[in-house]
Structure formats: C-alpha cells, structure tokens
2 protein chains.
Amino acid sequence: MIKRFSIGIDIGGTNTAIGIVDEDGNVSFKGGIDTPGHGDIARYVKDLAAEVTEMAKNLKLSNPDCEILGIGIGAPNGNYYSGTIEFAPNLSFRGVIHIVDLLKKEFPEYKYIALTNDANAAAIGEMIYGGAKGMRNFVMYTLGTGVGSGIVVNGDLVYGHDGFAGECGHTTLIPGGRLCGCGALGHLEAYCSASGMKRTAFELLAKYNGVNSILANYSFKDLTSKVIYDAAIQGDEIALEVFEITGKYLGMGMATTVHHLSPEAIFLFGGPTAAGDLIFKPAKASLEENLLPIFKNKIKLLPSRLSHGDAAIVGASALVWKEKSK
Amino acid sequence: MIKRFSIGIDIGGTNTAIGIVDEDGNVSFKGGIDTPGHGDIARYVKDLAAEVTEMAKNLKLSNPDCEILGIGIGAPNGNYYSGTIEFAPNLSFRGVIHIVDLLKKEFPEYKYIALTNDANAAAIGEMIYGGAKGMRNFVMYTLGTGVGSGIVVNGDLVYGHDGFAGECGHTTLIPGGRLCGCGALGHLEAYCSASGMKRTAFELLAKYNGVNSILANYSFKDLTSKVIYDAAIQGDEIALEVFEITGKYLGMGMATTVHHLSPEAIFLFGGPTAAGDLIFKPAKASLEENLLPIFKNKIKLLPSRLSHGDAAIVGASALVWKEKSK
C-alpha cells in the first residue's frame, strides 16, 4: 500500500526546521538549515530546496512505495491568500517574499504548496492530527515570545479579508497598560506571553519587596517562564502568583474571543502551558467568570495535543492535508 | 414573470412586526401583532399565522403571479441551529420555544423557515440587500438599547458551536468599569449603546457641573440619544463630547474585532449612527489608533444601508434568500 506524506517547513528567525510527516502526524525525517542573515531570498530558496530534496530522497530509500503530496510552510507574517511573507521583522528578507511561487518553481511535482503563519499552522495541525479532530469551531492560542492564535469556523481556518485574521493576542485587556511588542498598550500578549509572565514576576518582586523569592536571584535578561515554573512547584509564592495572574488575564481575553466566535473549545499551546493546572486552573476560572451566562460551563479549555518539539513542522505539514481536503 | 417574495418577522418585546419583502429588499406589505404578555406560545403562533396568512392573501390579490419562498424570523436569543428562542428575558414565553417547528406546522407550503437573532438578521440583510453585497468578510454592529453584532466569514454568518456567536457588544473595554446589562462590568455595550451614551452624558454633567448644557434639563429617565444628538448639532459642548467618547470606546472594541477577524468592513446600524460624522469620525480615528500596523488604513467603517424603520423585518426576510443560496 502506498504510504502518503507531507513536508512541513517552519521558518523561524534563526533556524528553518523541516519535517516529513505521515498522515497521523508522526515525523519520519527531520532536517533543517539556518535561516540566513544575508537577506538573499534566491540563495535561501536554493539551499532550502536542496535540503528538502535530500530528505525526500532518503524517505524514498526507506519507503519505496511512498508518495509526498506537498509542502506546508509556517512563517511569521505568512499570508495564506498570496503565498507571501510580508515585512516579517525577524527575518532578513525585506518586503514581500513570494515564497510559495518560488518553491513551486523548485518542486513542480508537488500539487499542494501552501503557507500560513505559525499560529494558524498550529491550529490546522490540531485539527488534522490532534485534539481538535472532528471539531468544526475552535480557537488555538499559542503562548510563546508572543501570543499567536488561529481561529477555525465551520471547519475552516479564518483568514479574513486580507489573510491576517487571528491576532487575538492583540486584544486590549488594560487600556493604557503594559507596552506590547506591537507598540500599543495593554494587549493580552504583554501579560500572557512567556515574557509577559516575566514582567508580572518583576512587578510582584517590586510589590512585595520579594528578596526571599527564588526569582530574586535572576536578572530581567535571565528570568524565563521555565524558571518561574520550577520556582512555583517548589512553592515559591511569587512564582505561584505569577501563574494566578497570567491565568486571570488569559481568561479575560479568551472570554472576548468566545463572545465573538462561540467555539466548542479553546486549545492552549506553548512553553507556559507545560505548567498544567498551574496555568489552566486560574485561566479556566477567569474565563468562566468573564463569560456571558449563555456560554458558561460550555467551553472546553484544553492543552494542545501536538508534541511541543515538533509542533511547528507538524502544524505546517497539516496545511497539505487541509488543502487536499478542499 | 413570477415575482418572488420572502416574509420577514421581527419578534420584539412588545410588538411583532411582519413584512413581505421582494428580492431587492423592498417591503410590499407591512403588518404586525402585539407580542403578548400572556406567555401562551400556542395562542401566539395561531395569531401570528393568521396575520401572515391574511397578508399573503393580499399579496396574491395584487400580484397573482407571485411566489412566497419562506419565512425568516429575527428574535432575541434566536438560535439558528435549533430554530428555538431560548430564555429571552424580554419575552413572556418561558424556557426554550421551538418557533421554527411551530411555524413549519402552520406553513407546510414554505420550503425555507429559519430563525436567528436580530443583529445576525441585520448582517444578513446587509449582505443580501445592502452595502455588503459581494463582501465575503464583514462585521455588523447594531447600536440600540444594547449593542448586538453579526459576523460574516467567507460569505457565511458565523453562528459558532452552539449558535450564539457574535456577541461583540460584550467585549470588555474597561476592567471593573460600568455595569453592563448582562451583569458583568466594563463591556462595550455599557458605553456605546444608546443608554451607554446617556450614561456618558450624565458622567460629563457631573464632571463639568454642566448646568448650562441643554442636557441639564433632562432626567435620567427622559434623556435619549436623539436628545443628545439634537443638542450636539446646536453646539452643546457636553453633547459633542458624548459623541467623541462614544466613538473612542467603539473604536477600541472594533479594533479587537478586527484583530480577531480581519474583515473588509464594519457596518454600523441603529439610532446613534444617524448622527453621521459626529459618531463615525471619532470611531474611525479610535479604530485606526488601536489597530495593529498590518490593519491600518484598510478597514472600511460604513453606515448600514438598510432603512432604519424596516431594517428588522427586511433583515429577517433576508434569511430566506440566504437559505435558498445554500
């Protein structure tokens, strides 16, 4: 029997990860190249195509009967409609990059080559391989350096009019509040991202004059959400309160998302969600507190089932199956 | 040539309005009955059916070649999926009312009988007859006693998992702020509805000790958004500031909606929007100020093109054409 695969490419600021993924979301081959700083897109696509071709060759050697259906790409500011990466601040390629067209030239044998941003890719991955299988309406929040999101309505990703829908991380929670990465004030991302948690920790250290906290030993540069988590499971009160507050803010924002979209579930993905109940309990309590009565006790709040290490390439690869199903 | 019509029914707290509407959104016959306080749904449906039958008979007399395709119903807490009105606080019918099933029994000859809430009906009306013709992604905000909304993604109304999507009026703008009709604090509806404008006026009268304002002559019970508008066009400074503040809050909330959905346009409907630039200018400025750079100067902010008096029945009637197109 022919076994079918798709290729997932995750373009990050410093590294481009590549995986060949089967229909169940298992990664058969993993590879990657540096995302270069030289800004020369033609050279980058050549290097990327060489690595993909090599990996595909290795797959054929181990699975002579296999078929590769296409390539899915996750990238910052990736636009599904145009197949372009547009003005991504963390990449060296300037302006509008027609990455899908460039890869179609390299791989005319692949029927499906598609692009979206990383949070949308994660949502599609959850729908194709993960906990959202069979769900027609759900939302994915990805908590990392920033807070991304992907929205699924009637079984399809919501791209909106110009391809950029799903920026739930830029919901204003506190008018005039913390400076967000986007330059505005008080957005959810400034409170609920990994760096938002660090900022909350520093506020609490200042508030309580917390010299006895484990967190008091870290500089602003060195503190991470992982350190906060380790301190919390040791019972550090400031670290525990960081999770309480992060969950509270997250629930406020998610309530607004529910009021817009009435999803069956919200999935949380990313480093901070590894803390389990420490983040899920206060987030769920705050979500329920902020929901309209017609939504109370209806919305599932679930951890993503994509494995954290491979989620980006697995999510990107899911785009291919999604395209195929259209 | 056969001329085709649909029937729109708008069930309000005190009055049920009925219209027979052509494919261009023109109302040919208008009627209505009281929405009774007796709570007897069987009796109400009988009375409603009698009125609709009478109106349909009159239509046939004037247009012997006409065809009526179905009935669209707009009602508070109307659920599209189940065809039920669920626990509507302003209606005398208790619990879950299977209004679509009840009307299907009365009118087996109509192929399409569908229900949704009034704001969703307005959005569909805008898409079928109004300014959103041809748009695939847009949002409608209805400003009235409350603030409702209808969301269209990829040409379809977003109902969400359980039929209750589109409650953008319950976006939290000010944590711990004004009491909203739903019991929560700081929601957009508490600032941008007609009664929200009245509350802003009273805050400003208090703030400026505004004895010289025209608005100083009105009790809290008597002040309306129409009075505020009339005062504003006479140059009353407090009335003018009410519009500025209402627009500012509206823009904040609409930005969150745009960040979720990336619509082509947002339409505003309802009494306060008759003020034109007085509300649109500050709303547009605030929207732009609160948008992420990728959305700036892209989102159209437009007045609804549905005529205010008939919009509820016209919007409800549009449900029939939408069902037919599926």
# chains A, B, ... in the order shown; residues from 1 in each chain; ligands from 1
$ interface_residues --of "chain B" --to "chain A" --cutoff "6 Å" --atoms "only C-alpha atoms" --output "list in words"
Asn137, Gly160, His161, Ala165, Gly166, Glu167, Cys168, Thr171, Thr256, His259, His260, Leu261, Ser262, Pro263 and Glu264 of chain B
$ write_last_selection --atoms "C-alpha atoms" --output "compact mmCIF listing (two decimals), in the first residue's frame"
# COMPACT_ATOMS: atom_id res chain seq x y z
CA ASN B 137 -15.86 39.04 5.31
CA GLY B 160 -20.24 29.16 16.29
CA HIS B 161 -20.55 25.85 18.05
CA ALA B 165 -21.60 33.67 18.21
CA GLY B 166 -21.45 37.40 17.53
CA GLU B 167 -21.68 38.99 20.96
CA CYS B 168 -19.05 41.65 20.25
CA THR B 171 -16.09 42.79 24.75
CA THR B 256 -10.33 43.85 18.92
CA HIS B 259 -7.69 41.65 15.23
CA HIS B 260 -9.79 38.51 15.53
CA LEU B 261 -11.40 38.51 12.09
CA SER B 262 -9.67 40.83 9.61
CA PRO B 263 -12.94 41.94 7.98
CA GLU B 264 -13.19 44.02 4.81
$ residues_around --residues "segment 213-224 of chain A" --least-positions-apart "3" --cutoff "12 Å" --atoms "only C-alpha atoms" --output "VMD selection string"
chain A and resid 144 to 145 193 to 206 208 to 210 227 to 242 271 to 272
$ write_last_selection --atoms "N, CA, C and O atoms" --output "CSV table (one decimal), in the first residue's frame"
chain,number,residue,atom,x,y,z
A,144,GLY,N,4.0,32.0,23.6
A,144,GLY,CA,5.5,31.9,23.4
A,144,GLY,C,6.1,33.3,23.7
A,144,GLY,O,5.7,34.0,24.6
A,145,THR,N,7.1,33.6,22.9
A,145,THR,CA,7.6,35.0,23.0
A,145,THR,C,6.5,36.0,22.8
A,145,THR,O,6.4,37.0,23.5
A,193,SER,N,2.2,36.2,27.4
A,193,SER,CA,3.3,35.5,26.7
A,193,SER,C,4.3,35.1,27.8
A,193,SER,O,4.2,35.5,29.0
A,194,ALA,N,5.3,34.3,27.4
A,194,ALA,CA,6.4,34.0,28.3
A,194,ALA,C,7.0,35.2,28.9
A,194,ALA,O,7.3,35.3,30.1
A,195,SER,N,7.3,36.2,28.0
A,195,SER,CA,7.9,37.4,28.5
A,195,SER,C,6.9,38.3,29.4
A,195,SER,O,7.3,38.9,30.3
A,196,GLY,N,5.6,38.2,29.1
A,196,GLY,CA,4.6,38.8,29.9
A,196,GLY,C,4.7,38.2,31.4
A,196,GLY,O,4.5,39.0,32.3
A,197,MET,N,4.9,36.9,31.5
A,197,MET,CA,5.0,36.3,32.8
A,197,MET,C,6.2,36.8,33.5
A,197,MET,O,6.1,37.1,34.7
A,198,LYS,N,7.3,37.0,32.8
A,198,LYS,CA,8.5,37.6,33.4
A,198,LYS,C,8.2,39.0,34.0
A,198,LYS,O,8.6,39.3,35.1
A,199,ARG,N,7.5,39.7,33.1
A,199,ARG,CA,7.2,41.1,33.6
A,199,ARG,C,6.3,41.1,34.8
A,199,ARG,O,6.5,41.9,35.7
A,200,THR,N,5.4,40.2,34.8
A,200,THR,CA,4.5,40.1,36.0
A,200,THR,C,5.3,39.7,37.2
A,200,THR,O,5.1,40.2,38.3
A,201,ALA,N,6.3,38.8,37.1
A,201,ALA,CA,7.2,38.4,38.2
A,201,ALA,C,7.9,39.6,38.7
A,201,ALA,O,8.0,39.8,39.9
A,202,PHE,N,8.4,40.4,37.8
A,202,PHE,CA,9.2,41.6,38.3
A,202,PHE,C,8.3,42.6,39.0
A,202,PHE,O,8.7,43.3,39.9
A,203,GLU,N,7.1,42.8,38.5
A,203,GLU,CA,6.1,43.6,39.2
A,203,GLU,C,5.9,43.1,40.6
A,203,GLU,O,5.8,43.9,41.6
A,204,LEU,N,5.7,41.8,40.7
A,204,LEU,CA,5.4,41.2,42.1
A,204,LEU,C,6.7,41.3,43.0
A,204,LEU,O,6.5,41.6,44.2
A,205,LEU,N,7.9,41.1,42.4
A,205,LEU,CA,9.1,41.3,43.3
A,205,LEU,C,9.1,42.7,43.8
A,205,LEU,O,9.4,42.9,45.0
A,206,ALA,N,8.8,43.7,42.9
A,206,ALA,CA,8.8,45.1,43.3
A,206,ALA,C,7.7,45.3,44.4
A,206,ALA,O,7.9,45.9,45.4
A,208,TYR,N,6.1,43.2,46.5
A,208,TYR,CA,6.3,42.6,47.8
A,208,TYR,C,7.7,42.7,48.4
A,208,TYR,O,8.0,42.2,49.4
A,209,ASN,N,8.6,43.5,47.7
A,209,ASN,CA,10.0,43.5,48.1
A,209,ASN,C,10.5,42.1,48.3
A,209,ASN,O,11.0,41.8,49.4
A,210,GLY,N,10.3,41.3,47.3
A,210,GLY,CA,10.4,39.8,47.4
A,210,GLY,C,11.9,39.2,47.5
A,210,GLY,O,12.2,38.3,46.7
A,227,VAL,N,12.0,29.0,34.6
A,227,VAL,CA,12.5,29.3,35.9
A,227,VAL,C,11.3,29.6,36.9
A,227,VAL,O,11.2,29.1,38.0
A,228,ILE,N,10.3,30.3,36.3
A,228,ILE,CA,9.1,30.7,37.2
A,228,ILE,C,8.4,29.4,37.5
A,228,ILE,O,7.9,29.2,38.6
A,229,TYR,N,8.2,28.5,36.5
A,229,TYR,CA,7.6,27.2,36.7
A,229,TYR,C,8.3,26.4,37.8
A,229,TYR,O,7.7,25.9,38.8
A,230,ASP,N,9.6,26.3,37.7
A,230,ASP,CA,10.4,25.5,38.6
A,230,ASP,C,10.2,26.1,40.1
A,230,ASP,O,10.1,25.3,41.0
A,231,ALA,N,10.2,27.4,40.2
A,231,ALA,CA,10.1,28.0,41.5
A,231,ALA,C,8.6,27.7,42.0
A,231,ALA,O,8.5,27.5,43.2
A,232,ALA,N,7.7,27.8,41.1
A,232,ALA,CA,6.3,27.6,41.6
A,232,ALA,C,6.1,26.2,42.1
A,232,ALA,O,5.4,26.0,43.2
A,233,ILE,N,6.7,25.2,41.5
A,233,ILE,CA,6.5,23.8,42.0
A,233,ILE,C,7.2,23.6,43.3
A,233,ILE,O,7.0,22.7,44.1
A,234,GLN,N,8.2,24.5,43.6
A,234,GLN,CA,8.8,24.4,44.9
A,234,GLN,C,8.1,25.3,45.9
A,234,GLN,O,8.5,25.4,47.1
A,235,GLY,N,7.0,25.8,45.5
A,235,GLY,CA,6.1,26.6,46.5
A,235,GLY,C,6.4,28.0,46.6
A,235,GLY,O,5.9,28.7,47.5
A,236,ASP,N,7.3,28.5,45.7
A,236,ASP,CA,7.6,30.0,45.8
A,236,ASP,C,6.3,30.8,45.5
A,236,ASP,O,5.7,30.7,44.5
A,237,GLU,N,6.0,31.7,46.5
A,237,GLU,CA,4.7,32.3,46.5
A,237,GLU,C,4.6,33.3,45.4
A,237,GLU,O,3.5,33.5,44.8
A,238,ILE,N,5.7,34.0,45.1
A,238,ILE,CA,5.6,35.0,44.0
A,238,ILE,C,5.5,34.3,42.6
A,238,ILE,O,4.6,34.6,41.8
A,239,ALA,N,6.2,33.2,42.5
A,239,ALA,CA,6.1,32.4,41.2
A,239,ALA,C,4.6,31.8,41.1
A,239,ALA,O,4.1,31.9,40.0
A,240,LEU,N,4.1,31.4,42.2
A,240,LEU,CA,2.7,30.9,42.1
A,240,LEU,C,1.7,32.0,41.7
A,240,LEU,O,0.8,31.8,40.9
A,241,GLU,N,2.0,33.2,42.3
A,241,GLU,CA,1.1,34.3,42.0
A,241,GLU,C,1.2,34.7,40.5
A,241,GLU,O,0.2,35.2,39.9
A,242,VAL,N,2.4,34.6,40.0
A,242,VAL,CA,2.6,34.9,38.5
A,242,VAL,C,1.6,34.0,37.7
A,242,VAL,O,1.0,34.5,36.8
A,271,GLY,N,5.2,26.9,25.7
A,271,GLY,CA,6.0,26.7,26.9
A,271,GLY,C,5.2,26.8,28.2
A,271,GLY,O,5.1,25.8,29.0
A,272,PRO,N,4.6,28.0,28.4
A,272,PRO,CA,3.9,28.2,29.7
A,272,PRO,C,2.8,27.1,30.0
A,272,PRO,O,2.5,26.9,31.1
$ select_by_dssp --residues "segment 159-326 of chain A" --states "helix (DSSP H, G or I)" --output "compact mmCIF listing (two decimals) with N, CA and C atoms, in the first residue's frame"
# COMPACT_ATOMS: atom_id res chain seq x y z
N CYS A 168 -5.61 37.37 18.13
CA CYS A 168 -6.27 37.51 19.44
C CYS A 168 -5.31 38.01 20.52
N GLY A 169 -4.01 37.78 20.32
CA GLY A 169 -3.02 38.25 21.30
C GLY A 169 -3.01 39.76 21.42
N HIS A 170 -3.60 40.44 20.43
CA HIS A 170 -3.63 41.90 20.47
C HIS A 170 -5.01 42.44 20.86
N GLU A 189 -1.00 39.97 24.85
CA GLU A 189 0.36 39.44 24.64
C GLU A 189 1.35 39.98 25.68
N ALA A 190 1.15 41.22 26.11
CA ALA A 190 2.07 41.83 27.06
C ALA A 190 1.91 41.25 28.47
N TYR A 191 0.84 40.47 28.68
CA TYR A 191 0.58 39.88 30.00
C TYR A 191 0.73 38.36 30.00
N CYS A 192 0.35 37.71 28.90
CA CYS A 192 0.21 36.25 28.91
C CYS A 192 1.27 35.51 28.09
N ALA A 194 5.30 34.34 27.39
CA ALA A 194 6.37 33.97 28.32
C ALA A 194 7.03 35.23 28.89
N SER A 195 7.27 36.21 28.02
CA SER A 195 7.90 37.43 28.54
C SER A 195 6.93 38.25 29.38
N GLY A 196 5.63 38.15 29.08
CA GLY A 196 4.63 38.79 29.93
C GLY A 196 4.67 38.23 31.35
N MET A 197 4.87 36.92 31.46
CA MET A 197 4.97 36.29 32.78
C MET A 197 6.19 36.82 33.54
N LYS A 198 7.28 37.00 32.82
CA LYS A 198 8.49 37.56 33.45
C LYS A 198 8.21 38.97 33.96
N ARG A 199 7.49 39.75 33.15
CA ARG A 199 7.18 41.12 33.56
C ARG A 199 6.29 41.12 34.80
N THR A 200 5.35 40.17 34.84
CA THR A 200 4.49 40.05 36.03
C THR A 200 5.34 39.69 37.25
N ALA A 201 6.31 38.78 37.06
CA ALA A 201 7.19 38.40 38.17
C ALA A 201 7.94 39.62 38.71
N PHE A 202 8.44 40.44 37.80
CA PHE A 202 9.19 41.61 38.26
C PHE A 202 8.28 42.63 38.96
N GLU A 203 7.06 42.75 38.48
CA GLU A 203 6.10 43.63 39.19
C GLU A 203 5.87 43.13 40.61
N LEU A 204 5.73 41.79 40.74
CA LEU A 204 5.43 41.23 42.07
C LEU A 204 6.65 41.32 42.99
N LEU A 205 7.85 41.10 42.44
CA LEU A 205 9.07 41.28 43.25
C LEU A 205 9.12 42.70 43.80
N ALA A 206 8.77 43.65 42.92
CA ALA A 206 8.78 45.06 43.35
C ALA A 206 7.70 45.31 44.40
N LYS A 207 6.50 44.74 44.14
CA LYS A 207 5.35 44.98 45.04
C LYS A 207 5.61 44.46 46.44
N TYR A 208 6.11 43.22 46.52
CA TYR A 208 6.27 42.57 47.82
C TYR A 208 7.67 42.73 48.39
N ILE A 214 12.76 32.81 45.10
CA ILE A 214 13.78 32.22 44.21
C ILE A 214 14.02 33.16 43.03
N LEU A 215 12.95 33.82 42.60
CA LEU A 215 13.04 34.67 41.41
C LEU A 215 13.93 35.90 41.64
N ALA A 216 14.20 36.22 42.92
CA ALA A 216 15.02 37.39 43.24
C ALA A 216 16.47 37.20 42.81
N ASN A 217 16.83 35.97 42.43
CA ASN A 217 18.21 35.69 42.03
C ASN A 217 18.46 35.89 40.54
N SER A 225 10.14 31.73 31.70
CA SER A 225 8.91 31.12 32.24
C SER A 225 9.23 29.74 32.83
N LYS A 226 10.24 29.07 32.32
CA LYS A 226 10.66 27.78 32.89
C LYS A 226 11.18 27.96 34.34
N VAL A 227 11.96 29.00 34.57
CA VAL A 227 12.45 29.27 35.93
C VAL A 227 11.27 29.56 36.86
N ILE A 228 10.31 30.34 36.35
CA ILE A 228 9.13 30.67 37.17
C ILE A 228 8.37 29.39 37.51
N TYR A 229 8.24 28.51 36.52
CA TYR A 229 7.56 27.23 36.75
C TYR A 229 8.28 26.39 37.81
N ASP A 230 9.61 26.26 37.67
CA ASP A 230 10.38 25.48 38.65
C ASP A 230 10.22 26.06 40.06
N ALA A 231 10.22 27.37 40.15
CA ALA A 231 10.06 28.02 41.47
C ALA A 231 8.65 27.74 42.01
N ALA A 232 7.67 27.77 41.13
CA ALA A 232 6.27 27.57 41.57
C ALA A 232 6.08 26.17 42.14
N ILE A 233 6.66 25.15 41.48
CA ILE A 233 6.45 23.80 42.02
C ILE A 233 7.25 23.57 43.32
N GLU A 237 6.03 31.66 46.53
CA GLU A 237 4.72 32.34 46.48
C GLU A 237 4.61 33.34 45.35
N ILE A 238 5.69 34.02 45.07
CA ILE A 238 5.62 34.99 43.97
C ILE A 238 5.46 34.26 42.64
N ALA A 239 6.19 33.16 42.48
CA ALA A 239 6.06 32.38 41.23
C ALA A 239 4.63 31.85 41.09
N LEU A 240 4.06 31.39 42.19
CA LEU A 240 2.68 30.89 42.14
C LEU A 240 1.71 32.00 41.75
N GLU A 241 1.95 33.19 42.31
CA GLU A 241 1.06 34.30 41.97
C GLU A 241 1.22 34.73 40.52
N VAL A 242 2.41 34.57 39.96
CA VAL A 242 2.59 34.87 38.53
C VAL A 242 1.63 34.02 37.70
N PHE A 243 1.53 32.72 38.03
CA PHE A 243 0.63 31.86 37.26
C PHE A 243 -0.84 32.26 37.48
N GLU A 244 -1.18 32.59 38.73
CA GLU A 244 -2.56 33.05 39.01
C GLU A 244 -2.92 34.25 38.14
N ILE A 245 -2.01 35.22 38.12
CA ILE A 245 -2.30 36.47 37.40
C ILE A 245 -2.31 36.24 35.89
N THR A 246 -1.37 35.42 35.41
CA THR A 246 -1.33 35.12 33.97
C THR A 246 -2.63 34.45 33.54
N GLY A 247 -3.07 33.50 34.35
CA GLY A 247 -4.33 32.81 34.05
C GLY A 247 -5.51 33.76 34.08
N LYS A 248 -5.51 34.66 35.04
CA LYS A 248 -6.61 35.63 35.14
C LYS A 248 -6.70 36.48 33.87
N TYR A 249 -5.57 37.00 33.42
CA TYR A 249 -5.57 37.82 32.21
C TYR A 249 -5.97 36.99 30.98
N LEU A 250 -5.45 35.78 30.92
CA LEU A 250 -5.74 34.92 29.78
C LEU A 250 -7.25 34.65 29.69
N GLY A 251 -7.88 34.39 30.82
CA GLY A 251 -9.31 34.15 30.87
C GLY A 251 -10.12 35.36 30.41
N MET A 252 -9.66 36.55 30.80
CA MET A 252 -10.34 37.77 30.35
C MET A 252 -10.34 37.86 28.84
N GLY A 253 -9.16 37.63 28.25
CA GLY A 253 -9.04 37.72 26.79
C GLY A 253 -9.83 36.63 26.09
N MET A 254 -9.75 35.41 26.62
CA MET A 254 -10.45 34.30 25.97
C MET A 254 -11.96 34.53 25.99
N ALA A 255 -12.47 35.18 27.04
CA ALA A 255 -13.91 35.45 27.10
C ALA A 255 -14.34 36.32 25.91
N THR A 256 -13.53 37.32 25.60
CA THR A 256 -13.84 38.17 24.44
C THR A 256 -13.83 37.34 23.15
N THR A 257 -12.88 36.43 23.04
CA THR A 257 -12.84 35.55 21.87
C THR A 257 -14.09 34.68 21.80
N VAL A 258 -14.50 34.13 22.93
CA VAL A 258 -15.72 33.30 22.96
C VAL A 258 -16.93 34.14 22.57
N HIS A 259 -17.02 35.37 23.08
CA HIS A 259 -18.18 36.21 22.78
C HIS A 259 -18.25 36.52 21.28
N HIS A 260 -17.11 36.59 20.62
CA HIS A 260 -17.12 36.78 19.17
C HIS A 260 -17.55 35.50 18.45
N LEU A 261 -16.99 34.35 18.86
CA LEU A 261 -16.98 33.18 17.97
C LEU A 261 -17.71 31.96 18.48
N GLY A 271 5.24 26.89 25.65
CA GLY A 271 6.02 26.66 26.87
C GLY A 271 5.22 26.80 28.17
N PRO A 272 4.60 27.96 28.41
CA PRO A 272 3.92 28.16 29.70
C PRO A 272 2.81 27.13 29.98
N THR A 273 2.26 26.50 28.93
CA THR A 273 1.16 25.55 29.17
C THR A 273 1.67 24.23 29.73
N ALA A 274 3.01 24.01 29.67
CA ALA A 274 3.57 22.81 30.28
C ALA A 274 3.33 22.80 31.80
N ALA A 275 3.03 23.96 32.36
CA ALA A 275 2.78 24.06 33.81
C ALA A 275 1.43 23.45 34.21
N ASP A 277 -2.04 22.48 35.47
CA ASP A 277 -3.05 23.12 36.31
C ASP A 277 -2.64 24.50 36.82
N LEU A 278 -1.34 24.68 37.00
CA LEU A 278 -0.87 25.98 37.49
C LEU A 278 -1.38 27.12 36.61
N ILE A 279 -1.46 26.87 35.31
CA ILE A 279 -1.97 27.91 34.41
C ILE A 279 -3.42 27.64 34.01
N PHE A 280 -3.78 26.37 33.82
CA PHE A 280 -5.13 26.05 33.33
C PHE A 280 -6.21 26.38 34.37
N LYS A 281 -5.91 26.10 35.65
CA LYS A 281 -6.96 26.34 36.66
C LYS A 281 -7.36 27.81 36.76
N PRO A 282 -6.40 28.72 36.96
CA PRO A 282 -6.82 30.13 37.03
C PRO A 282 -7.36 30.65 35.70
N ALA A 283 -6.85 30.11 34.59
CA ALA A 283 -7.35 30.56 33.28
C ALA A 283 -8.82 30.15 33.11
N LYS A 284 -9.12 28.91 33.47
CA LYS A 284 -10.50 28.40 33.36
C LYS A 284 -11.43 29.20 34.29
N ALA A 285 -10.98 29.43 35.53
CA ALA A 285 -11.81 30.17 36.49
C ALA A 285 -12.10 31.58 35.97
N SER A 286 -11.09 32.23 35.43
CA SER A 286 -11.27 33.59 34.94
C SER A 286 -12.14 33.61 33.67
N LEU A 287 -11.94 32.61 32.81
CA LEU A 287 -12.79 32.50 31.61
C LEU A 287 -14.25 32.41 32.03
N GLU A 288 -14.56 31.49 32.93
CA GLU A 288 -15.96 31.30 33.36
C GLU A 288 -16.51 32.58 33.98
N GLU A 289 -15.68 33.23 34.78
CA GLU A 289 -16.13 34.45 35.47
C GLU A 289 -16.49 35.54 34.47
N ASN A 290 -15.79 35.56 33.34
CA ASN A 290 -15.98 36.65 32.37
C ASN A 290 -16.96 36.32 31.25
N PRO A 293 -23.77 34.52 30.55
CA PRO A 293 -24.46 33.31 31.04
C PRO A 293 -24.68 32.25 29.95
N ILE A 294 -25.04 32.64 28.73
CA ILE A 294 -25.31 31.62 27.69
C ILE A 294 -24.08 30.80 27.32
N PHE A 295 -22.88 31.23 27.71
CA PHE A 295 -21.67 30.47 27.37
C PHE A 295 -21.06 29.73 28.57
N ALA A 311 5.93 20.56 16.98
CA ALA A 311 4.62 21.12 16.64
C ALA A 311 4.68 22.04 15.42
N ALA A 312 5.74 22.82 15.32
CA ALA A 312 5.80 23.81 14.24
C ALA A 312 5.84 23.13 12.88
N ILE A 313 6.71 22.09 12.73
CA ILE A 313 6.76 21.42 11.42
C ILE A 313 5.53 20.54 11.20
N VAL A 314 5.05 19.92 12.27
CA VAL A 314 3.85 19.08 12.13
C VAL A 314 2.65 19.95 11.74
N GLY A 315 2.52 21.10 12.40
CA GLY A 315 1.44 22.03 12.07
C GLY A 315 1.53 22.47 10.61
N ALA A 316 2.74 22.84 10.19
CA ALA A 316 2.92 23.29 8.80
C ALA A 316 2.57 22.18 7.82
N SER A 317 2.97 20.94 8.15
CA SER A 317 2.68 19.82 7.24
C SER A 317 1.17 19.58 7.11
N ALA A 318 0.43 19.92 8.16
CA ALA A 318 -1.03 19.69 8.15
C ALA A 318 -1.73 20.52 7.09
N LEU A 319 -1.12 21.65 6.74
CA LEU A 319 -1.68 22.51 5.68
C LEU A 319 -1.91 21.72 4.40
N VAL A 320 -1.02 20.76 4.12
CA VAL A 320 -1.13 19.98 2.88
C VAL A 320 -2.39 19.12 2.89
N TRP A 321 -2.63 18.43 4.01
CA TRP A 321 -3.85 17.59 4.10
C TRP A 321 -5.10 18.46 4.04
N LYS A 322 -4.99 19.64 4.65
CA LYS A 322 -6.14 20.56 4.63
C LYS A 322 -6.42 21.02 3.19
N GLU A 323 -5.37 21.35 2.45
CA GLU A 323 -5.55 21.75 1.05
C GLU A 323 -6.18 20.62 0.24
N LYS A 324 -5.67 19.41 0.49
CA LYS A 324 -6.12 18.25 -0.26
C LYS A 324 -7.62 17.99 -0.03
$ atom_distance --atom1 "atom CA of Ile11 of chain A" --atom2 "atom CA of Arg178 of chain A"
28.8 Å
$ select_by_dssp --residues "segment 88-137 of chain A" --states "strand (DSSP E or B)" --output "JSON list (two decimals) with C-alpha atoms, in the first residue's frame"
[["chain", "number", "residue", "atom", "x", "y", "z"],
["A", 96, "VAL", "CA", 7.10, 40.94, 0.28],
["A", 97, "ILE", "CA", 8.61, 37.47, -0.37],
["A", 112, "TYR", "CA", -0.08, 21.31, -2.82],
["A", 113, "ILE", "CA", 2.28, 24.02, -1.63],
["A", 114, "ALA", "CA", 0.73, 26.39, 0.89],
["A", 115, "LEU", "CA", 1.77, 28.93, 3.51],
["A", 116, "THR", "CA", 0.33, 30.43, 6.66]]
